[in-house]
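A.B. asks: Pasting coords-v5.txt here (compact mmCIF, C-alpha atoms):
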# COMPACT_ATOMS: atom_id res chain seq x y z
CA MET A 1 23.21 246.34 159.47
CA ILE A 2 19.49 245.72 159.98
CA THR A 3 18.13 242.89 157.82
CA ASP A 4 14.56 242.39 156.63
CA TYR A 5 14.29 239.44 159.01
CA GLU A 6 15.32 241.65 161.94
CA LEU A 7 12.76 244.28 160.88
CA LYS A 8 10.00 241.66 160.88
CA GLU A 9 11.12 240.40 164.29
CA LYS A 10 11.13 243.86 165.88
CA PHE A 11 8.43 245.88 164.09
CA THR A 12 5.51 244.15 165.78
CA GLU A 13 1.94 244.91 166.76
CA SER A 14 2.96 245.05 170.43
CA LEU A 15 5.65 247.64 169.64
CA ILE A 16 3.20 249.93 167.85
CA LEU A 17 0.52 249.41 170.51
CA ASN A 18 3.00 250.36 173.25
CA ILE A 19 3.98 253.49 171.32
CA TYR A 20 0.32 254.38 170.85
CA ASN A 21 -0.42 253.95 174.55
CA GLU A 22 2.62 255.99 175.55
CA TYR A 23 1.81 258.96 173.33
CA PHE A 24 -1.97 258.92 173.33
CA GLU A 25 -2.93 257.41 176.66
CA LEU A 26 -0.12 258.07 179.15
CA ARG A 27 0.95 261.39 177.61
CA PRO A 28 -2.23 262.73 175.96
CA THR A 29 -0.76 266.20 175.34
CA ALA A 30 2.24 264.90 173.40
CA TYR A 31 0.29 264.85 170.17
CA SER A 32 -2.07 267.73 171.03
CA ASN A 33 -0.98 270.07 168.22
CA LYS A 34 -1.48 267.30 165.70
CA GLN A 35 -4.93 266.45 167.08
CA LYS A 36 -6.12 270.04 166.72
CA LEU A 37 -5.53 270.05 162.98
CA LYS A 38 -8.54 269.11 160.87
CA ILE A 39 -7.14 267.42 157.80
CA ASN A 40 -9.24 265.96 155.02
CA ASN A 41 -8.74 262.24 154.41
CA TYR A 42 -6.49 261.93 157.46
CA LEU A 43 -7.44 259.55 160.24
CA THR A 44 -8.22 261.38 163.45
CA ARG A 45 -7.39 259.80 166.78
CA LYS A 46 -11.07 259.09 167.40
CA SER A 47 -11.59 257.24 164.13
CA PHE A 48 -8.25 255.44 164.52
CA GLU A 49 -9.26 254.16 167.95
CA LYS A 50 -12.55 252.65 166.70
CA ASN A 51 -10.61 249.86 165.00
CA LEU A 52 -7.34 250.24 166.90
CA MET A 53 -5.89 246.74 166.61
CA GLN A 54 -7.07 246.33 163.04
CA ASN A 55 -5.37 249.62 162.08
CA ILE A 56 -2.18 248.65 163.89
CA ARG A 57 -2.19 245.23 162.25
CA CYS A 58 -2.56 246.91 158.84
CA ILE A 59 0.35 249.28 159.55
CA VAL A 60 2.66 246.46 160.64
CA LYS A 61 1.79 244.32 157.62
CA LYS A 62 2.50 247.16 155.19
CA VAL A 63 5.81 248.03 156.85
CA ILE A 64 7.30 244.54 157.05
CA ASN A 65 6.23 243.83 153.45
CA GLY A 66 7.78 247.08 152.23
CA ASN A 67 4.43 248.43 151.04
CA TYR A 68 4.13 251.38 153.42
CA PHE A 69 4.17 254.90 151.95
CA PHE A 70 4.25 258.08 154.03
CA LYS A 71 1.57 260.68 153.39
CA ASN A 72 2.36 264.36 152.91
CA PHE A 73 3.20 266.23 156.09
CA ILE A 74 1.19 269.22 157.24
CA GLU A 75 3.62 272.11 157.60
CA ILE A 76 3.04 274.80 160.19
CA LYS A 77 5.19 277.75 161.23
CA ILE A 78 5.68 278.58 164.90
CA PRO A 79 7.49 281.70 166.20
CA LYS A 80 10.94 281.21 167.67
CA PRO A 81 11.32 282.45 171.26
CA ASN A 82 12.59 286.04 171.51
CA SER A 83 12.75 286.33 167.73
CA LEU A 84 10.75 287.57 164.75
CA LYS A 85 11.69 284.41 162.86
CA PHE A 86 9.57 281.28 162.51
CA ARG A 87 10.39 277.60 162.78
CA GLU A 88 8.83 275.17 160.32
CA ILE A 89 7.35 271.99 161.83
CA ASN A 90 6.19 269.06 159.69
CA ILE A 91 3.31 267.18 161.30
CA PRO A 92 2.58 263.57 160.27
CA ASN A 93 -0.79 261.88 160.49
CA ILE A 94 -1.32 259.29 163.23
CA GLU A 95 -0.26 256.29 161.14
CA ASP A 96 2.97 257.95 159.98
CA PHE A 97 3.68 259.13 163.52
CA LEU A 98 3.48 255.54 164.80
CA VAL A 99 5.62 254.21 161.93
CA GLN A 100 8.27 256.86 162.56
CA LYS A 101 8.42 255.98 166.24
CA GLY A 102 8.54 252.27 165.45
CA LEU A 103 11.37 252.61 162.93
CA HIS A 104 13.21 254.93 165.33
CA ALA A 105 13.07 252.25 168.05
CA ILE A 106 14.76 249.82 165.64
CA ILE A 107 17.42 251.99 163.97
CA PHE A 108 18.38 254.22 166.91
CA PRO A 109 20.54 251.56 168.68
CA TYR A 110 22.40 250.92 165.41
CA ILE A 111 23.04 254.63 164.79
CA GLU A 112 24.02 255.11 168.44
CA THR A 113 26.66 252.40 168.06
CA LYS A 114 28.03 254.14 164.95
CA CYS A 115 28.19 257.51 166.73
CA SER A 116 29.84 256.05 169.83
CA ILE A 117 32.99 255.19 167.86
CA THR A 118 34.18 258.81 167.90
CA ASN A 119 31.77 260.20 170.54
CA PHE A 120 32.19 263.71 169.11
CA ASN A 121 28.45 264.35 168.85
CA TYR A 122 26.27 265.00 171.92
CA GLY A 123 22.97 265.69 170.14
CA PHE A 124 20.10 263.15 169.95
CA ARG A 125 22.26 260.58 171.73
CA ARG A 126 21.55 258.19 174.57
CA LYS A 127 22.45 259.73 177.93
CA LYS A 128 24.14 262.70 176.26
CA THR A 129 22.98 266.32 176.30
CA TYR A 130 24.31 269.77 175.52
CA ARG A 131 25.51 269.90 179.13
CA ASN A 132 27.85 266.96 178.48
CA ALA A 133 29.17 268.78 175.41
CA ILE A 134 29.75 271.97 177.41
CA SER A 135 31.56 270.03 180.16
CA LYS A 136 33.80 268.42 177.52
CA ILE A 137 34.63 271.85 176.05
CA TYR A 138 35.28 273.44 179.44
CA ASN A 139 37.48 270.55 180.66
CA SER A 140 39.46 270.64 177.42
CA ILE A 141 40.08 274.36 177.89
CA GLN A 142 41.35 273.69 181.43
CA ASN A 143 43.72 271.09 179.95
CA GLY A 144 45.36 273.64 177.68
CA TYR A 145 43.19 273.50 174.53
CA THR A 146 42.75 277.27 174.54
CA GLU A 147 42.83 278.00 170.81
CA VAL A 148 39.19 277.63 169.83
CA ILE A 149 36.90 277.95 166.82
CA SER A 150 33.13 277.85 167.29
CA THR A 151 30.73 277.80 164.35
CA ASP A 152 27.44 276.39 163.05
CA ILE A 153 26.48 274.52 159.89
CA ILE A 154 24.37 276.85 157.78
CA SER A 155 20.67 275.81 157.70
CA PHE A 156 21.69 272.22 158.37
CA GLY A 157 18.34 270.39 158.40
CA LYS A 158 17.05 272.29 155.38
CA THR A 159 20.10 271.77 153.17
CA ILE A 160 20.95 268.08 153.56
CA ASP A 161 21.70 266.75 150.08
CA HIS A 162 19.40 263.85 149.18
CA ASP A 163 21.86 262.12 146.86
CA SER A 164 24.56 262.12 149.55
CA LEU A 165 22.08 260.94 152.19
CA LYS A 166 20.75 258.16 149.94
CA LYS A 167 24.30 256.91 149.50
CA ILE A 168 24.87 256.86 153.27
CA ILE A 169 21.52 255.11 153.92
CA ASN A 170 22.28 252.42 151.36
CA GLN A 171 25.76 251.90 152.82
CA ASN A 172 24.37 251.44 156.32
CA PHE A 173 21.15 249.52 155.67
CA ASP A 174 21.72 247.69 152.36
CA LYS A 175 20.26 249.16 149.19
CA LYS A 176 17.72 246.37 148.71
CA SER A 177 16.49 246.18 152.32
CA ILE A 178 12.97 247.22 153.30
CA ILE A 179 14.22 249.64 155.95
CA SER A 180 16.40 251.39 153.37
CA LYS A 181 13.41 251.78 151.05
CA LEU A 182 11.26 253.15 153.88
CA LEU A 183 13.88 255.72 154.89
CA LEU A 184 14.27 256.85 151.28
CA ARG A 185 10.50 257.30 151.01
CA TYR A 186 10.52 259.27 154.25
CA ILE A 187 13.11 261.82 153.09
CA ALA A 188 11.25 262.33 149.80
CA THR A 189 7.84 262.91 151.41
CA GLY A 190 6.51 266.37 150.63
CA SER A 191 4.47 268.81 152.72
CA LEU A 192 1.24 270.76 152.52
CA PHE A 193 1.45 274.36 153.67
CA GLU A 194 -1.91 276.15 153.61
CA ASN A 195 -3.11 273.49 151.13
CA VAL A 196 -0.18 274.15 148.78
CA PHE A 197 2.00 271.11 148.03
CA ILE A 198 5.75 271.53 148.62
CA LYS A 199 7.96 268.97 146.93
CA ARG A 200 11.01 267.94 148.96
CA THR A 201 14.19 267.65 146.92
CA ILE A 202 16.60 268.82 149.62
CA GLY A 203 16.58 268.80 153.41
CA LEU A 204 14.55 266.72 155.87
CA PRO A 205 11.11 267.11 157.46
CA GLU A 206 11.61 269.14 160.63
CA GLY A 207 10.33 267.82 163.94
CA GLY A 208 10.37 264.02 163.43
CA CYS A 209 12.43 261.47 165.36
CA LEU A 210 13.54 259.83 162.09
CA THR A 211 14.93 263.19 161.02
CA SER A 212 17.12 263.28 164.15
CA ASP A 213 18.33 259.74 163.42
CA LEU A 214 19.22 260.55 159.83
CA GLU A 215 20.93 263.83 160.79
CA ASN A 216 23.15 261.91 163.20
CA LEU A 217 23.91 259.28 160.57
CA TYR A 218 24.73 262.01 158.04
CA LEU A 219 27.11 264.03 160.21
CA ASN A 220 28.71 260.90 161.64
CA GLU A 221 30.54 260.83 158.31
CA LEU A 222 32.12 264.15 159.27
CA ASP A 223 33.05 262.86 162.73
CA ASN A 224 34.79 259.79 161.26
CA TYR A 225 36.70 261.98 158.81
CA ILE A 226 37.84 264.50 161.44
CA ALA A 227 39.00 261.69 163.75
CA ASN A 228 41.84 261.00 161.28
CA PHE A 229 43.39 264.42 161.99
CA LEU A 230 43.08 264.72 165.76
CA ASP A 231 45.94 264.07 168.15
CA ASN A 232 46.97 265.08 171.66
CA HIS A 233 47.01 268.72 170.56
CA SER A 234 43.38 269.03 169.42
CA CYS A 235 39.80 267.90 170.00
CA PHE A 236 36.41 268.19 168.31
CA VAL A 237 32.99 268.65 169.94
CA ARG A 238 29.63 268.74 168.19
CA TYR A 239 26.04 269.22 169.31
CA VAL A 240 24.08 268.42 166.12
CA ASP A 241 25.11 271.38 163.89
CA ASP A 242 26.94 273.41 166.58
CA ILE A 243 30.67 272.77 166.26
CA VAL A 244 33.65 273.59 168.46
CA ILE A 245 37.24 272.79 167.54
CA LEU A 246 39.88 273.13 170.26
CA SER A 247 43.65 272.99 169.94
CA LYS A 248 46.83 273.85 171.80
CA ASP A 249 48.14 275.87 168.85
CA ARG A 250 46.57 278.15 166.25
CA GLU A 251 48.16 276.45 163.24
CA THR A 252 46.65 273.03 164.05
CA LEU A 253 43.30 274.68 164.78
CA ILE A 254 43.12 276.35 161.36
CA SER A 255 44.29 273.18 159.62
CA ILE A 256 41.48 271.10 161.14
CA PHE A 257 38.92 273.80 160.37
CA ASP A 258 40.01 273.89 156.71
CA LYS A 259 39.82 270.09 156.43
CA MET A 260 36.34 270.16 157.97
CA LYS A 261 35.15 272.80 155.49
CA PHE A 262 36.56 270.81 152.59
CA PHE A 263 34.78 267.61 153.64
CA LEU A 264 31.48 269.35 154.33
CA ASN A 265 31.53 271.19 151.00
CA ASN A 266 32.65 268.32 148.81
CA GLU A 267 31.22 265.19 150.45
CA LEU A 268 28.14 266.37 152.34
CA LYS A 269 27.28 269.51 150.31
CA LEU A 270 27.09 271.65 153.46
CA SER A 271 28.71 274.92 154.55
CA VAL A 272 29.67 276.50 157.87
CA TYR A 273 29.49 280.10 159.00
CA GLU A 274 32.77 281.97 158.67
CA LYS A 275 31.61 285.44 159.75
CA ILE A 276 28.37 285.53 161.74
CA LYS A 277 28.01 282.71 164.29
CA PHE A 278 31.76 282.18 163.91
CA LYS A 279 34.49 282.92 166.41
CA MET A 280 38.19 282.11 166.53
CA VAL A 281 39.76 283.06 169.83
CA ASN A 282 42.52 282.34 172.31
CA LEU A 283 40.77 281.84 175.63
CA LEU A 284 43.88 282.80 177.57
CA THR A 285 43.00 286.36 176.56
CA PRO A 286 41.16 288.06 179.47
CA TYR A 287 37.35 288.32 179.17
CA GLU A 288 37.23 286.21 175.99
CA TYR A 289 34.63 283.45 175.68
CA ILE A 290 32.73 281.38 173.14
CA LYS A 291 28.97 280.87 172.84
CA PHE A 292 27.63 277.34 172.72
CA ALA A 293 24.01 276.17 173.17
CA ASN A 294 23.03 279.44 174.88
CA PHE A 295 25.94 279.22 177.33
CA ASN A 296 29.08 281.35 177.54
CA ILE A 297 32.25 279.31 178.06
CA SER A 298 35.52 280.95 179.10
CA LYS A 299 38.76 279.82 180.72
CA LYS A 300 37.34 281.04 184.02
CA CYS A 301 33.83 279.56 184.08
CA ILE A 302 30.67 278.29 182.40
CA SER A 303 27.95 280.91 182.48
CA LEU A 304 24.47 281.52 181.09
CA ASN A 305 23.85 283.93 178.28
CA ASN A 306 21.05 286.48 178.45
CA THR A 307 18.52 284.17 176.76
CA LYS A 308 18.92 281.51 179.46
CA ILE A 309 18.76 284.10 182.24
CA LYS A 310 15.52 285.54 180.81
CA LYS A 311 13.99 282.03 180.62
CA PHE A 312 14.88 281.37 184.24
CA LYS A 313 13.41 284.67 185.42
CA LEU A 314 10.27 284.10 183.37
CA ARG A 315 9.85 280.66 184.95
CA ILE A 316 10.10 282.17 188.45
CA ILE A 317 7.70 285.01 187.58
CA ASN A 318 5.17 282.48 186.24
CA LEU A 319 5.44 280.53 189.48
CA ILE A 320 4.87 283.72 191.48
CA ASN A 321 1.86 284.68 189.35
CA ASP A 322 0.16 281.28 189.67
CA LYS A 323 -3.19 282.54 190.98
CA GLU A 324 -4.52 279.08 191.80
CA LYS A 325 -1.69 278.35 194.26
CA ASN A 326 -0.48 281.74 195.48
CA ASN A 327 -2.79 283.40 197.99
CA SER A 328 -0.09 284.24 200.51
CA LEU A 329 3.67 284.65 200.83
CA ASN A 330 3.88 281.15 202.31
CA GLU A 331 2.15 279.63 199.28
CA ILE A 332 4.36 281.54 196.82
CA VAL A 333 7.55 280.43 198.56
CA ASP A 334 6.32 276.83 198.81
CA ASN A 335 5.33 276.81 195.12
CA ILE A 336 8.80 277.95 194.07
CA ASN A 337 10.50 275.54 196.46
CA ILE A 338 8.47 272.57 195.20
CA SER A 339 9.42 273.39 191.60
CA MET A 340 13.10 273.82 192.54
CA ALA A 341 13.13 270.62 194.59
CA LYS A 342 11.59 268.66 191.72
CA ASN A 343 14.23 270.11 189.46
CA LYS A 344 17.32 269.24 191.47
CA ASN A 345 16.09 265.72 192.15
CA LEU A 346 15.36 264.91 188.51
CA ILE A 347 17.93 262.86 186.67
CA ASP A 348 15.89 261.80 183.64
CA GLU A 349 16.39 264.45 180.94
CA ILE A 350 12.96 263.83 179.40
CA GLU A 351 11.19 264.31 182.73
CA ALA A 352 13.22 267.45 183.41
CA LYS A 353 12.33 269.40 180.27
CA GLN A 354 9.81 271.72 181.89
CA PHE A 355 12.42 272.66 184.53
CA ARG A 356 15.31 273.02 182.09
CA ALA A 357 15.81 276.74 182.80
CA ILE A 358 16.32 276.00 186.49
CA ILE A 359 18.51 272.94 185.91
CA ASP A 360 20.81 275.07 183.75
CA ILE A 361 21.30 277.45 186.66
CA LEU A 362 22.62 274.60 188.78
CA PHE A 363 24.82 273.31 185.95
CA ILE A 364 26.95 276.45 185.52
CA ASN A 365 29.92 277.27 187.75
CA ASN A 366 29.61 281.06 187.79
CA LEU A 367 28.88 281.55 191.50
CA SER A 368 28.64 285.34 191.29
CA LEU A 369 25.78 284.97 188.77
CA ILE A 370 24.07 282.35 190.96
CA LYS A 371 24.29 284.64 194.02
CA GLY A 372 22.93 287.53 191.92
CA LEU A 373 19.94 285.42 190.84
CA ASP A 374 19.35 284.45 194.48
CA THR A 375 19.14 288.14 195.36
CA TRP A 376 16.87 288.88 192.38
CA MET A 377 14.52 286.01 193.25
CA SER A 378 14.18 287.05 196.89
CA ARG A 379 13.63 290.70 195.96
CA THR A 380 11.06 289.82 193.28
CA VAL A 381 8.99 287.69 195.67
CA ARG A 382 9.23 290.36 198.38
CA ASN A 383 8.10 293.19 196.07
CA TYR A 384 5.25 291.10 194.65
CA CYS A 385 3.92 290.29 198.13
CA ILE A 386 4.15 293.89 199.32
CA ASN A 387 2.29 295.10 196.21
CA LYS A 388 -0.38 292.42 196.51
CA PHE A 389 -0.83 291.96 200.26
CA GLY A 390 0.37 295.32 201.60
CA TYR A 391 3.28 296.52 203.76
CA SER A 392 1.82 294.84 206.82
CA THR A 393 2.65 291.43 205.34
CA ASP A 394 4.89 289.29 207.57
CA LEU A 395 7.94 288.61 205.38
CA ASN A 396 9.74 286.26 207.77
CA TYR A 397 8.68 283.20 205.75
CA LEU A 398 10.78 284.57 202.89
CA ASP A 399 13.80 283.10 204.72
CA ASN A 400 12.50 279.66 203.69
CA LEU A 401 12.90 280.43 199.97
CA MET A 402 15.29 277.88 198.50
CA SER A 403 18.79 279.22 197.91
CA LEU A 404 20.21 278.64 194.42
CA LYS A 405 23.70 278.72 195.91
CA ASN A 406 22.88 275.91 198.36
CA ALA A 407 21.03 273.96 195.65
CA TYR A 408 24.10 274.39 193.42
CA TYR A 409 26.43 272.81 195.99
CA GLU A 410 23.95 270.00 196.71
CA TYR A 411 23.48 269.30 192.99
CA HIS A 412 27.23 269.11 192.30
CA ASN A 413 27.87 266.93 195.34
CA ARG A 414 25.31 264.46 193.97
CA PHE A 415 26.46 264.43 190.35
As a first step, turn the structure in this file into structure tokens.
C.D. replies:
Amino acid sequence: MITDYELKEKFTESLILNIYNEYFELRPTAYSNKQKLKINNYLTRKSFEKNLMQNIRCIVKKVINGNYFFKNFIEIKIPKPNSLKFREINIPNIEDFLVQKGLHAIIFPYIETKCSITNFNYGFRRKKTYRNAISKIYNSIQNGYTEVISTDIISFGKTIDHDSLKKIINQNFDKKSIISKLLLRYIATGSLFENVFIKRTIGLPEGGCLTSDLENLYLNELDNYIANFLDNHSCFVRYVDDIVILSKDRETLISIFDKMKFFLNNELKLSVYEKIKFKMVNLLTPYEYIKFANFNISKKCISLNNTKIKKFKLRIINLINDKEKNNSLNEIVDNINISMAKNKNLIDEIEAKQFRAIIDILFINNLSLIKGLDTWMSRTVRNYCINKFGYSTDLNYLDNLMSLKNAYYEYHNRF
């Protein structure tokens, strides 16, 4: 439990200054979307910087005294990839952004400790990703947990019950503590969409690091409950709101699923899909698989779904079409190889985000797909060069194009 004294010790001017430097000096594009918005009465980065230390000092004083109040978010809608749907993003002003990051730095270790008791969740965790979750699922299947249910929580972030969340916050941070008061103010902060105020009575602001922390704290209640019913015949894996239950027999599987539904409905006021985005299957059945985080997982292998394959191909096509670097076959091949080499040598997940589509190729164990993508990549580069430079182009340098199959073996030997 984080006391007021601990908050005052940790929420310091140096902490906020370091966060400011990281996001506005070292990574100037991290806040670019927020900088582009012209918002009345909101401090811009330029005006904030004029009296930087004074503004930071004011923020820290308000927070540690419990007098800080979040301003309304600016809500924007961005299109989801390969979809006609939109995702809502809530953008804070600069002060709120810094306070969120500061509070996150303090409460994240506490929440991480809570989540590590069961270790069912792999989302927004330290040194855990969806790939770890997929490996856990695949290894469990190999160990005989072949009766599987996969499902999602319906509109999770948008439907979190505030009364239930307030209760959990007060249990974890003490009802009278400053940090508890700040978190309660955060979840109640409304939004402005096209200058229309939206009051928040349910759900959390999408896009903030405090939202991720609170989502983990909220669903950790589910993890602790489910842990009471697991034994050597079943296991439970979660990546935020994506859930997979595995068992060695169908009866146990259904029993755990029913208990999960009951707890979600009655304690957390949430529901799971039981038709769409739901699958109950025995993976010993030929050609059966489950979908999880844009991967297909079967008894035989881990493979990419079509969305991941399209992202990988798009990444390669963008590398080929880079006009600033690609004036010959040699330059095209070198450009792709540099990107691939960066990818397979990156361990830090944050640094690897821009290469995620390529990293996912190396993560799977479907070698026939990997070989097929090798062939596609070589053919695509060859056809592009012939179309651009003519049939007289010397294609021998194409042999130097990095092989996904070789990169796959090298990657797995390292990790």
A.B. asks: May I have a table of the residues of range 185-262 of chain A lying at most 6 Å from range 106-129 of chain A, giving each one's closest pair of atoms and their distance in Å to one decimal, counting all atoms listed in the file, ordered by chain and ascending residue number, as a Markdown table?
C.D. replies:
| residue | atom | partner | partner_atom | distance |
| --- | --- | --- | --- | --- |
| A:Val237 | CA | A:Phe120 | CA | 5.1 |
| A:Arg238 | CA | A:Asn121 | CA | 4.6 |
| A:Tyr239 | CA | A:Gly123 | CA | 4.8 |
| A:Val240 | CA | A:Gly123 | CA | 5.0 |
A.B. asks: Name all residues at most 12 Å from range 384-401 of chain A (count only C-alpha atoms; drop same-chain ones fewer than 6 positions away) and give them as a ChimeraX atom specification.
C.D. replies: /A:316-317,319-321,323,326-341,374-375,377-378,407
A.B. asks: Using only C-alpha atoms, collect all residues at a distance of at most 9 Å from (12.3, 260.3, 165.3) as written in the file, then present them as a ChimeraX atom specification.
C.D. replies: /A:97,100-105,108,207-214
A.B. asks: What's around Ile64 in chain A at 7 Å? Count all atoms listed in the file, leave out sequence neighbours fewer than 2 positions away in its own chain, and write the answer as number ranges by chain.
C.D. replies: A: 7-8, 60-62, 66
A.B. asks: Smallest atom-to-atom distance to Ile364 in chain A: which of A:Ile134, A:Ile19, A:Ile290, A:Leu253, using only C-alpha atoms?
C.D. replies: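 Looking only at the distances to Ile364 in chain A, the closest residue turns out to be A:Ile134.
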A.B. asks: Which of these, A:Ser191, A:Asn170, A:Thr380, A:Asn143, has the shortest distance to Leu314 in chain A once you count all atoms listed in the file?
C.D. replies: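 When distances to Leu314 in chain A are compared using all atoms listed in the file, the smallest one comes from A:Thr380.
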